[in-house]
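Heads up: the structure comes next, in structure tokens.
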Amino acid sequence: MQTYDYIVAGAGSAGCTIANRLVNAGKRVLLIEAGPRDNDKFIHMPATFARVLRTNRSWIYQSEPEAAVGGRRLPVPQGRTLGGGSSVNAMLYIRGQREDYDGWRDLGCPGWSWDDVLPAYKRLERNERLAGAWHGSEGPLPVSDARYRHPLSLAYVRAAQQAGYRYNDDFNGERQEGVGFYQTTTLGGVRQSAATVFLKPLAGNPNLTVVTDAHVGAVTLENGSAAGLSYTTADGRTVQASAKEEVILAAGALATPKIMMLSGLGPAVHLASLGIPVIRDMPGVGRDLQDHVATPVYAATRDPISLLGQDRGLQALRHGLEYVLFRSGLLASNVVESGGFFDTDSDGRPDIQFHVLPVMIENAVHGSVEQHGMELNPCVLRPKSRGKVELRSRDPKDPIRFTTGFLSEPEDLNLLVEGVKVARRILRQPALRAVVKEELAPGGSADLPDDKIVEHIMKTAKTVYHPCGTSRMGSNEAAVVDPQLRVRGVPRLRICDASIMPRLTSGNTNAPTIMIADRCADFVLGR
């Protein structure tokens, strides 16, 4: 049996981060990843991440029929390679709002207020432009401005200001509200995934063992305490690994509850129905699934200026040469260059985020629409709707059964309607009218009735790839982990990924996930 100080299941944003901290503290760590290594060139070129989402370096989870969105099954892509989501996402660096973390504190998570987490964010960040009270400039995680801005992104930012929305050059500063360009986890035109930032510097370190293409089964429990875990290698061998100190689950909000339930830790009735011995009845495991739900507003451009077709023929050759020689040009773009945060109910706190794409995409799984255009994607920042994750069987290789619960709460649908209205208003401003021929969907007159917008949402509502909350943190018996991320009632087992979030943060979740893992390392090491 292989023995280590710590075993980390999942080499995504969280797993790479905590493995780095533990190895640098002199600990022997086994890091297990279900997917292959991150050696695909399209991972590291910012503009080509959509290509990776359609390969074996991503999981395409498929939900059960979702009643509130017309019974559709919704795809939820997740990273399946070293770096996890940080190797396949759009690289946006967003922390969320002060109120998010103060809300965590008020929900029974002392030590997780904004004043508690900001020092960790600053310690991690190496921002090329910003410093001072809100930013760090000497940390390991590069954060930079875009090296390329598409004409449609520029037109959107101007049009949003023409519609009356303020320009904001720092969505992670004192005020989140406004429109502008996103900062990204890139450096010199190259993606800076968690694998690049936190694993690459450890190459050759004897204290780190990385196993890829390995499927984690269950946590090994001895007298109710975590002692290790089992995993299956690519060639079908089952390996049992032992942890002297702790087992740490960092497989993400969809996979971590699966490992927990396969280990007999979860809702007793559900586990018993599958013949899994119940080690500890934990009703919160797999429950409270939250995710950002968005809907696209499509517009066709007057001229063939979108990203459509830019990866073909002479265009592709020109862009490729510019990137190879200078790390600049279109391939240095993260595609989702611009967006913003909108306060639709004027309560002083943004409730809608925009992701603007200079191309029309049905979704990252099925590929592009064959027409030049752009998308404005409003999403609900703090959805009330909840889904759940369950096992399909006791076989670790079987996919999970889950529902997102999208738009099951009327308030979320109402907010998304308001977000679509904002997008349509921006589309009609002079800066975008100059380049946009027509709004394709939902389409119609400027005063389109709400029922027509709802009809469009029912057909197009989709994930923003930010699942969380399925092993939530708290101080009562309903919580899965305590505020130091220890699984309640199971010694030597922790969880340190987005599944522990008691509430979804107001924005993209990669930066918060890295912060959570960094703080978990502090707890593990007693710092």
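In the structure tokens, chains take letters A, B, ... by order of appearance, with residues numbered from 1 within each chain and ligands from 1 in the order shown.
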List the spatial neighbours of region 244-248 of chain A as an MDAnalysis selection string - criterion: any atom at most 12 Å away, only C-alpha atoms, same-chain residues fewer than 3 positions off excluded.
chainID A and resid 2:11 14:16 18:19 22 27:32 218:221 225:230 241 251:252 256 259:260 481 485:487 490:497 517 520:521 523:525
Can you check which residues of region 233-319 of chain A DSSP gives as strand (DSSP E) on the backbone and send them as a ChimeraX atom specification?
/A:238-249,265-266,280-281,293-294,297-301
Leaving out Asp311 (chain A) and any residue of its chain fewer than 5 positions from it, which residues lie within 12 Å of it when counting only C-alpha atoms, given as an MDAnalysis selection string?
chainID A and resid 47:48 51 306 316:320 330:331 368
Please dump the current selection as a PDB file, in the first residue's frame; keep C-alpha atoms.
```
ATOM      1  CA  ALA A  47      -8.769  32.072 -27.241  1.00  0.00           C
ATOM      2  CA  THR A  48      -9.007  28.337 -27.907  1.00  0.00           C
ATOM      3  CA  ARG A  51     -11.920  23.528 -28.345  1.00  0.00           C
ATOM      4  CA  SER A 306     -17.024  38.326 -35.429  1.00  0.00           C
ATOM      5  CA  ALA A 316      -5.945  31.149 -38.927  1.00  0.00           C
ATOM      6  CA  LEU A 317      -2.393  31.235 -40.287  1.00  0.00           C
ATOM      7  CA  ARG A 318      -2.085  34.977 -39.691  1.00  0.00           C
ATOM      8  CA  HIS A 319      -3.442  34.766 -36.147  1.00  0.00           C
ATOM      9  CA  GLY A 320      -1.282  31.750 -35.387  1.00  0.00           C
ATOM     10  CA  LEU A 330      -6.730  37.354 -31.454  1.00  0.00           C
ATOM     11  CA  LEU A 331      -5.373  34.124 -29.940  1.00  0.00           C
ATOM     12  CA  SER A 368     -20.829  27.805 -33.186  1.00  0.00           C
TER      13      SER A 368
END
```
Produce a table with one row for each residue of region 106-172 of chain A that has an atom at most 12 Å from any atom of region 291-305 of chain A, each row naming the nearest atom pair and its distance in Å at one decimal; use only C-alpha atoms; arrange rows by chain and rising residue number; format as a tab-separated table.
```
residue	atom	partner	partner_atom	distance
A:His150	CA	A:Ile305	CA	9.1
A:Pro151	CA	A:Ile305	CA	8.1
A:Leu152	CA	A:Ile305	CA	8.1
A:Ser153	CA	A:Ile305	CA	11.4
A:Ala155	CA	A:Thr301	CA	11.6
A:Tyr156	CA	A:Ala299	CA	11.7
```
Nearest candidate to Ile457 (chain A) (options A:Gly419, A:Pro77, A:Pro46, A:Gly164; using only C-alpha atoms):
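Of A:Gly419, A:Pro77, A:Pro46, A:Gly164, the one nearest Ile457 (chain A), counting only C-alpha atoms, is A:Gly419.
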Fewer than 4 positions away in the same chain doesn't count, so skip those; otherwise give me all residues within 10 Å of Ser475 (chain A), counting only C-alpha atoms, as a PyMOL selection string.
chain A and resi 107-110+479-483+488
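All residues within region 165-293 of chain A that the backbone DSSP calculation assigns to helix (DSSP H, G or I) are Ala194, Ala195, Thr196, Val197, Phe198, Leu199, Lys200, Pro201, Leu202, Thr256, Pro257, Lys258, Ile259, Met260, Met261, Leu262, Ala268, Val269, His270, Leu271, Ala272 and Ser273 of chain A.
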Quick one: residues within 6 Å of region 126-134 of chain A, only C-alpha atoms counted, chain neighbours fewer than 4 positions away excluded, as a list of chain:residue names?
A:Glu138, A:Gly139, A:Leu141, A:Pro142, A:Val143, A:Ser144, A:Gly173
Once you have the residues from the selection above, write them out as a compact mmCIF listing (two decimals), in the first residue's frame, restricted to N, CA and C atoms.
```txt
# COMPACT_ATOMS: atom_id res chain seq x y z
N GLU A 138 2.45 40.74 -5.54
CA GLU A 138 3.63 39.89 -5.35
C GLU A 138 3.28 38.43 -5.12
N GLY A 139 2.04 38.04 -5.34
CA GLY A 139 1.63 36.67 -5.12
C GLY A 139 1.96 35.76 -6.29
N LEU A 141 -0.24 34.11 -8.30
CA LEU A 141 -1.27 34.01 -9.35
C LEU A 141 -1.30 35.26 -10.21
N PRO A 142 -0.81 35.18 -11.47
CA PRO A 142 -0.81 36.36 -12.33
C PRO A 142 -2.23 36.78 -12.72
N VAL A 143 -2.47 38.08 -12.67
CA VAL A 143 -3.74 38.67 -13.09
C VAL A 143 -3.40 39.86 -13.98
N SER A 144 -3.97 39.89 -15.19
CA SER A 144 -3.56 40.92 -16.14
C SER A 144 -4.73 41.43 -16.96
N GLY A 173 -12.56 45.95 -7.14
CA GLY A 173 -12.21 47.07 -6.28
C GLY A 173 -13.32 47.42 -5.31
```
Using only C-alpha atoms, pick whichever of A:Leu202, A:Leu271, A:Met282, A:Val211 has the shortest atom-to-atom distance to Asn476 (chain A).
A:Met282
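What separates CA of Gln371 (chain A) from CA of Leu308 (chain A) is a distance of 7.2 Å.
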